[in-house]
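Engineer: Supplied in structure tokens, the structure appears directly below.
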Amino acid sequence: MTEIKAFNGTRYNNIIIDIAKVVAPPYDVINETQQDVFYKMHPYNVIRLILGKQHEDDNENNNRYTRAKRFIDEWKEKGILIRDDEPSIYLYVQKYKIGNKNYERRGFIALMRLDSEIYKHEKTLTKPKEDRFELMKTCNGNLSPIFVLYDDKKKCVECITINPKIHIPIAHLKDGEVEHFFYKVPDKKIISIITDMIGKQRVYIADGHHRYETALKYRDYMFSKYGKDDDADYNYVMSYFTNMSDDGLVILPTHRVVHNVKYRDEEVLDKLRAGFSIKQFLAAPDKNKIEQWLSEIGKNNKGFGVKFYDSDKLYILYDYKPFNLKKDNSSDVLKSLDVYILNKEILEHIFDIGEVDLSRGEKLSYFHNINEALNSMIKGDVIFVLNPPSAMDVKAVALASLTMPQKTTFFYPKLLSGLVFNFFNIKQ
């Protein structure tokens, strides 16, 4: 079902480079301020490759993509970037805490053949794909892995990689509250067991849909340029694999703050009573009260938390019964998602915010941290607090060849870019 293989990764020379100073989050979660921070952090920081700065005098021969290629060539020549001598997979362990609970997510990076049995759950946008294609076409390689899930309840990979002492350590660093451990695994027996196990699996893209579709476009571009070659390096995409049955896999909720609501509190609540029972909490600035509220919301299937800007009251919507969605012909898989219910039942029918408005992103703000969401509210705002989807929700939507609504999944923690690269050997 899914063909993967080890590869000779290119990576920073950890003998002479402090890896902690040259890695960065994925390009699509970095804003301009953070971009500046990473530029200043180290002259060899990966930001110069994955999200280089644009200049006013950029042209066809000198732009963010050509500069990335020059940096790569220069860093290879200086020995800043080195290529591993033996094909390996790369074990990637992240340890982190949410609230008072400790988590450990284990995964590995390998190459995945593009025509494997791969399922998507997210719509992609043209502009990000054009950007990634120009970068890939200029640099001829994968600068960051895509993030995919497989489902192995026996936890085969975890069992054979649980002892990191048998692997070659490459990096150990802390990024905020997340501790990262990165190892090279050249052991042929371990590689064989993992490739055989994944070979029997379907995989589901968790993060990196734009990079995956860009890899397909690049492969087809190279086929059109040089002729079809099933053995070429660009038939594969660098991918991080993790088990959706792993207790360390966490999806954070994405809360919505709706702006400029034209109805008063009671008018909105009256409209919501058509499909929900409503429970009121007494609000307080007390952190424990907010945590109790979140805990109660979490106990309710297809339920939401609600707070209005100019009210001290916290509400829980629960015991959902379809009202506007009674005649909705969409798949039951979608109609089972909290975010779909919110979008269709509430945002569209009560607040007149449809898919076009959601895609523009002007009438809503999105937050993973509840305190940041609450502190952001201004007059006219209403917050809807959501429970996160599960990995099985992602699997069900992907298997049904459907797409989740925008801003549904946020897999935490993010993978660092810069731990390993995959450059193609282009045969011309």
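Within each chain, counting starts at residue 1; across the structure tokens, chains are named A, B, ... in the order shown, with ligands numbered 1 upward in that order.
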Excluding same-chain residues fewer than 5 positions from A:Lys78, what lies within 12 Å of it counting only C-alpha atoms, as a ChimeraX atom specification?
Structural biologist: /A:12-13,16-17,44,71-73
Engineer: Neighbours of A:Lys123 within 12 Å (only C-alpha atoms; same-chain residues fewer than 6 positions away dropped), as a ChimeraX atom specification?
Structural biologist: /A:129,205,207-210,213,359,398,401-408
Engineer: Find the spatial neighbours of A:Thr138, counting only C-alpha atoms, within a cut-off of 7 Å - ignore same-chain residues fewer than 5 positions away - and output them as a ChimeraX atom specification.
Structural biologist: /A:65-66,69
Engineer: Contacts of A:Phe410 at 8 Å or less, counting only C-alpha atoms, minus same-chain residues fewer than 3 places along, as a PyMOL selection string?
Structural biologist: chain A and resi 251-254+407
Engineer: Could you please determine the separation between atom CA of A:Val382 and atom CA of A:Tyr412 in Å, to one decimal place?
Structural biologist: 25.6 Å
Engineer: Quick one, how far is atom CA of A:Val237 from atom CA of A:Lys217?
Structural biologist: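 Separation of atom CA of A:Val237 and atom CA of A:Lys217: 11.7 Å.
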Engineer: Excluding A:His255 and any residue of its chain fewer than 2 positions from it, enumerate the residues within 10 Å of it, using only C-alpha atoms, and give them as a short mmCIF file (atom, residue, chain, number, x, y, z; two decimals) with N, CA and C atoms, in the first residue's frame.
Structural biologist:
```
data_model
loop_
_atom_site.label_atom_id
_atom_site.label_comp_id
_atom_site.auth_asym_id
_atom_site.auth_seq_id
_atom_site.Cartn_x
_atom_site.Cartn_y
_atom_site.Cartn_z
N LEU A 252 -4.68 19.86 18.83
CA LEU A 252 -5.23 20.93 19.65
C LEU A 252 -6.52 21.49 19.05
N PRO A 253 -7.41 21.97 19.91
CA PRO A 253 -8.62 22.62 19.39
C PRO A 253 -8.28 23.97 18.78
N VAL A 257 -13.18 33.25 17.39
CA VAL A 257 -13.74 34.51 17.88
C VAL A 257 -14.44 35.18 16.70
N VAL A 258 -15.75 35.35 16.81
CA VAL A 258 -16.55 35.98 15.75
C VAL A 258 -16.64 37.47 16.04
N PHE A 304 -20.24 23.06 22.51
CA PHE A 304 -19.37 24.23 22.40
C PHE A 304 -19.43 25.05 23.68
N GLY A 305 -18.39 25.81 23.92
CA GLY A 305 -18.42 26.85 24.92
C GLY A 305 -18.70 28.17 24.23
N VAL A 339 -16.71 21.20 14.14
CA VAL A 339 -16.44 22.41 13.38
C VAL A 339 -17.41 22.56 12.22
N LEU A 364 -13.62 36.31 11.37
CA LEU A 364 -13.26 35.42 12.47
C LEU A 364 -11.77 35.51 12.75
N SER A 365 -11.40 35.25 14.00
CA SER A 365 -10.01 35.02 14.37
C SER A 365 -9.92 33.64 15.00
N TYR A 366 -8.76 33.00 14.87
CA TYR A 366 -8.59 31.63 15.32
C TYR A 366 -7.49 31.56 16.38
N PHE A 367 -7.73 30.76 17.41
CA PHE A 367 -6.77 30.65 18.52
C PHE A 367 -6.72 29.21 19.01
N HIS A 368 -5.51 28.75 19.36
CA HIS A 368 -5.36 27.44 20.00
C HIS A 368 -5.31 27.58 21.51
N ASN A 369 -4.91 28.75 21.98
CA ASN A 369 -4.81 29.01 23.41
C ASN A 369 -6.04 29.77 23.88
N ILE A 370 -6.78 29.21 24.83
CA ILE A 370 -8.05 29.80 25.26
C ILE A 370 -7.84 31.17 25.90
N ALA A 373 -7.33 33.76 23.29
CA ALA A 373 -8.60 34.05 22.62
C ALA A 373 -9.45 34.99 23.47
N LEU A 374 -9.57 34.69 24.76
CA LEU A 374 -10.39 35.52 25.65
C LEU A 374 -9.82 36.93 25.77
N ILE A 383 -17.00 34.39 21.42
CA ILE A 383 -16.06 33.28 21.27
C ILE A 383 -16.82 31.96 21.31
N PHE A 384 -16.44 31.05 20.41
CA PHE A 384 -16.92 29.67 20.43
C PHE A 384 -15.73 28.77 20.73
N VAL A 385 -15.85 28.03 21.82
CA VAL A 385 -14.77 27.15 22.27
C VAL A 385 -15.08 25.74 21.79
N LEU A 386 -14.12 25.13 21.08
CA LEU A 386 -14.35 23.82 20.47
C LEU A 386 -13.51 22.74 21.14
N ASN A 387 -13.97 21.51 21.02
CA ASN A 387 -13.16 20.34 21.31
C ASN A 387 -12.36 19.99 20.06
N PRO A 388 -11.19 19.40 20.21
CA PRO A 388 -10.40 19.05 19.02
C PRO A 388 -10.98 17.83 18.32
N LYS A 407 -9.16 25.32 9.11
CA LYS A 407 -8.74 25.47 10.51
C LYS A 407 -9.40 24.44 11.42
N THR A 408 -9.37 23.18 11.00
CA THR A 408 -9.95 22.12 11.82
C THR A 408 -8.89 21.42 12.66
#
```
Engineer: Considering only C-alpha atoms, return as a short mmCIF file (atom, residue, chain, number, x, y, z; two decimals) with N, CA, C and O atoms, in the first residue's frame whatever protein or nucleic-acid residues lie within 9 Å of A:Tyr96, sequence-local ones (same chain, fewer than 4 positions apart) excluded.
Structural biologist:
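Result file follows (selection.cif):
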```cif
data_model
loop_
_atom_site.label_atom_id
_atom_site.label_comp_id
_atom_site.auth_asym_id
_atom_site.auth_seq_id
_atom_site.Cartn_x
_atom_site.Cartn_y
_atom_site.Cartn_z
N LYS A 101 0.00 17.29 32.18
CA LYS A 101 0.22 15.96 31.62
C LYS A 101 1.42 15.97 30.68
O LYS A 101 1.55 16.85 29.82
N ASN A 102 2.30 14.99 30.84
CA ASN A 102 3.47 14.83 29.98
C ASN A 102 3.15 13.92 28.80
O ASN A 102 2.44 12.92 28.95
N TYR A 103 3.70 14.28 27.63
CA TYR A 103 3.49 13.49 26.42
C TYR A 103 4.83 13.21 25.76
O TYR A 103 5.81 13.96 25.93
N GLU A 104 4.86 12.14 24.98
CA GLU A 104 6.02 11.82 24.16
C GLU A 104 5.53 11.29 22.82
O GLU A 104 4.84 10.27 22.76
N ARG A 105 5.85 12.01 21.75
CA ARG A 105 5.46 11.56 20.41
C ARG A 105 6.68 11.04 19.68
O ARG A 105 7.69 11.73 19.56
N GLU A 177 8.55 24.95 25.10
CA GLU A 177 8.18 23.90 26.04
C GLU A 177 8.38 22.50 25.47
O GLU A 177 8.02 21.51 26.11
N VAL A 178 8.92 22.41 24.26
CA VAL A 178 9.07 21.11 23.59
C VAL A 178 10.54 20.71 23.53
O VAL A 178 11.40 21.49 23.13
N GLU A 179 10.82 19.47 23.93
CA GLU A 179 12.17 18.93 23.87
C GLU A 179 12.26 18.00 22.67
O GLU A 179 11.40 17.12 22.49
N HIS A 180 13.27 18.20 21.83
CA HIS A 180 13.41 17.44 20.59
C HIS A 180 14.66 16.55 20.65
O HIS A 180 15.73 17.01 21.04
N PRO A 413 3.16 18.86 18.93
CA PRO A 413 3.89 20.05 18.48
C PRO A 413 4.23 19.98 17.00
O PRO A 413 4.17 18.91 16.38
#
```
Engineer: I'd like the contact shell of A:Asn45 - 9 Å cut-off, only C-alpha atoms, skipping same-chain residues fewer than 3 positions apart - returned as a list of chain:residue names.
Structural biologist: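 These residues fall inside the cut-off: A:Lys21, A:Val22, A:Val23, A:Ala24, A:Phe38, A:Tyr39, A:Lys40, A:Met41, A:His42, A:Arg48, A:Leu49, A:Gly418.
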Engineer: Write out, as an mmCIF file, in the first residue's frame, the residues just selected, with N, CA and C atoms.
Structural biologist:
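After the write, part_32.cif holds the following:
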```
data_model
loop_
_atom_site.group_PDB
_atom_site.id
_atom_site.type_symbol
_atom_site.label_atom_id
_atom_site.label_comp_id
_atom_site.auth_asym_id
_atom_site.auth_seq_id
_atom_site.Cartn_x
_atom_site.Cartn_y
_atom_site.Cartn_z
ATOM 1 N N LYS A 21 20.388 26.536 16.992
ATOM 2 C CA LYS A 21 20.376 27.902 16.444
ATOM 3 C C LYS A 21 20.069 27.954 14.951
ATOM 4 N N VAL A 22 19.956 26.794 14.305
ATOM 5 C CA VAL A 22 19.754 26.810 12.848
ATOM 6 C C VAL A 22 18.431 26.194 12.410
ATOM 7 N N VAL A 23 17.657 25.630 13.346
ATOM 8 C CA VAL A 23 16.351 25.062 12.998
ATOM 9 C C VAL A 23 15.270 26.130 13.162
ATOM 10 N N ALA A 24 14.075 25.838 12.626
ATOM 11 C CA ALA A 24 12.943 26.768 12.705
ATOM 12 C C ALA A 24 11.652 25.969 12.559
ATOM 13 N N PHE A 38 14.631 34.647 13.330
ATOM 14 C CA PHE A 38 15.427 33.505 12.870
ATOM 15 C C PHE A 38 16.587 33.958 11.987
ATOM 16 N N TYR A 39 16.384 35.015 11.207
ATOM 17 C CA TYR A 39 17.487 35.561 10.410
ATOM 18 C C TYR A 39 18.636 36.007 11.313
ATOM 19 N N LYS A 40 18.293 36.636 12.426
ATOM 20 C CA LYS A 40 19.311 37.166 13.335
ATOM 21 C C LYS A 40 19.909 36.091 14.242
ATOM 22 N N MET A 41 19.198 34.960 14.382
ATOM 23 C CA MET A 41 19.640 33.921 15.307
ATOM 24 C C MET A 41 20.972 33.312 14.878
ATOM 25 N N HIS A 42 21.133 33.084 13.554
ATOM 26 C CA HIS A 42 22.367 32.458 13.074
ATOM 27 C C HIS A 42 22.467 32.675 11.563
ATOM 28 N N ARG A 48 16.608 30.928 5.857
ATOM 29 C CA ARG A 48 17.094 31.453 4.577
ATOM 30 C C ARG A 48 16.778 30.510 3.426
ATOM 31 N N LEU A 49 16.465 29.266 3.756
ATOM 32 C CA LEU A 49 16.118 28.293 2.721
ATOM 33 C C LEU A 49 14.607 28.155 2.581
ATOM 34 N N GLY A 418 14.912 21.777 9.249
ATOM 35 C CA GLY A 418 16.359 21.932 9.343
ATOM 36 C C GLY A 418 17.066 20.755 9.978
#
```
Engineer: DSSP on the backbone, helix (DSSP H, G or I) only: what residues of stretch 139-300 of chain A does that give? Format it as a ChimeraX atom specification.
Structural biologist: /A:139,156-161,164-166,188-198,209-226,233-235,265-272,287-298
Engineer: Quick check, in Å to one decimal: how far apart do atom CA of A:Ile109 and atom CA of A:Asp84 lie?
Structural biologist: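 Taking atom CA of A:Ile109 and atom CA of A:Asp84, their separation equals 14.1 Å.
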Engineer: Among stretch 187-362 of chain A, which residues carry a DSSP assignment of strand (DSSP E), reported as a PyMOL selection string?
Structural biologist: chain A and resi 203-207+236-243+250-251+255-258+277-282+304-308+313-318
Engineer: Of the candidates A:Phe181, A:Tyr240, A:Phe281, A:Tyr218, which one gets nearest to A:Ala206 if we count only C-alpha atoms?
Structural biologist: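 Of the candidates, the smallest distance to A:Ala206 is held by A:Tyr240.
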Engineer: With distances taken over only C-alpha atoms, which of A:Asn59, A:Asn324, A:Gln94, A:Ser116 is nearest to A:Gly275?
Structural biologist: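 Ranked by minimum distance to A:Gly275, first place goes to A:Asn324.
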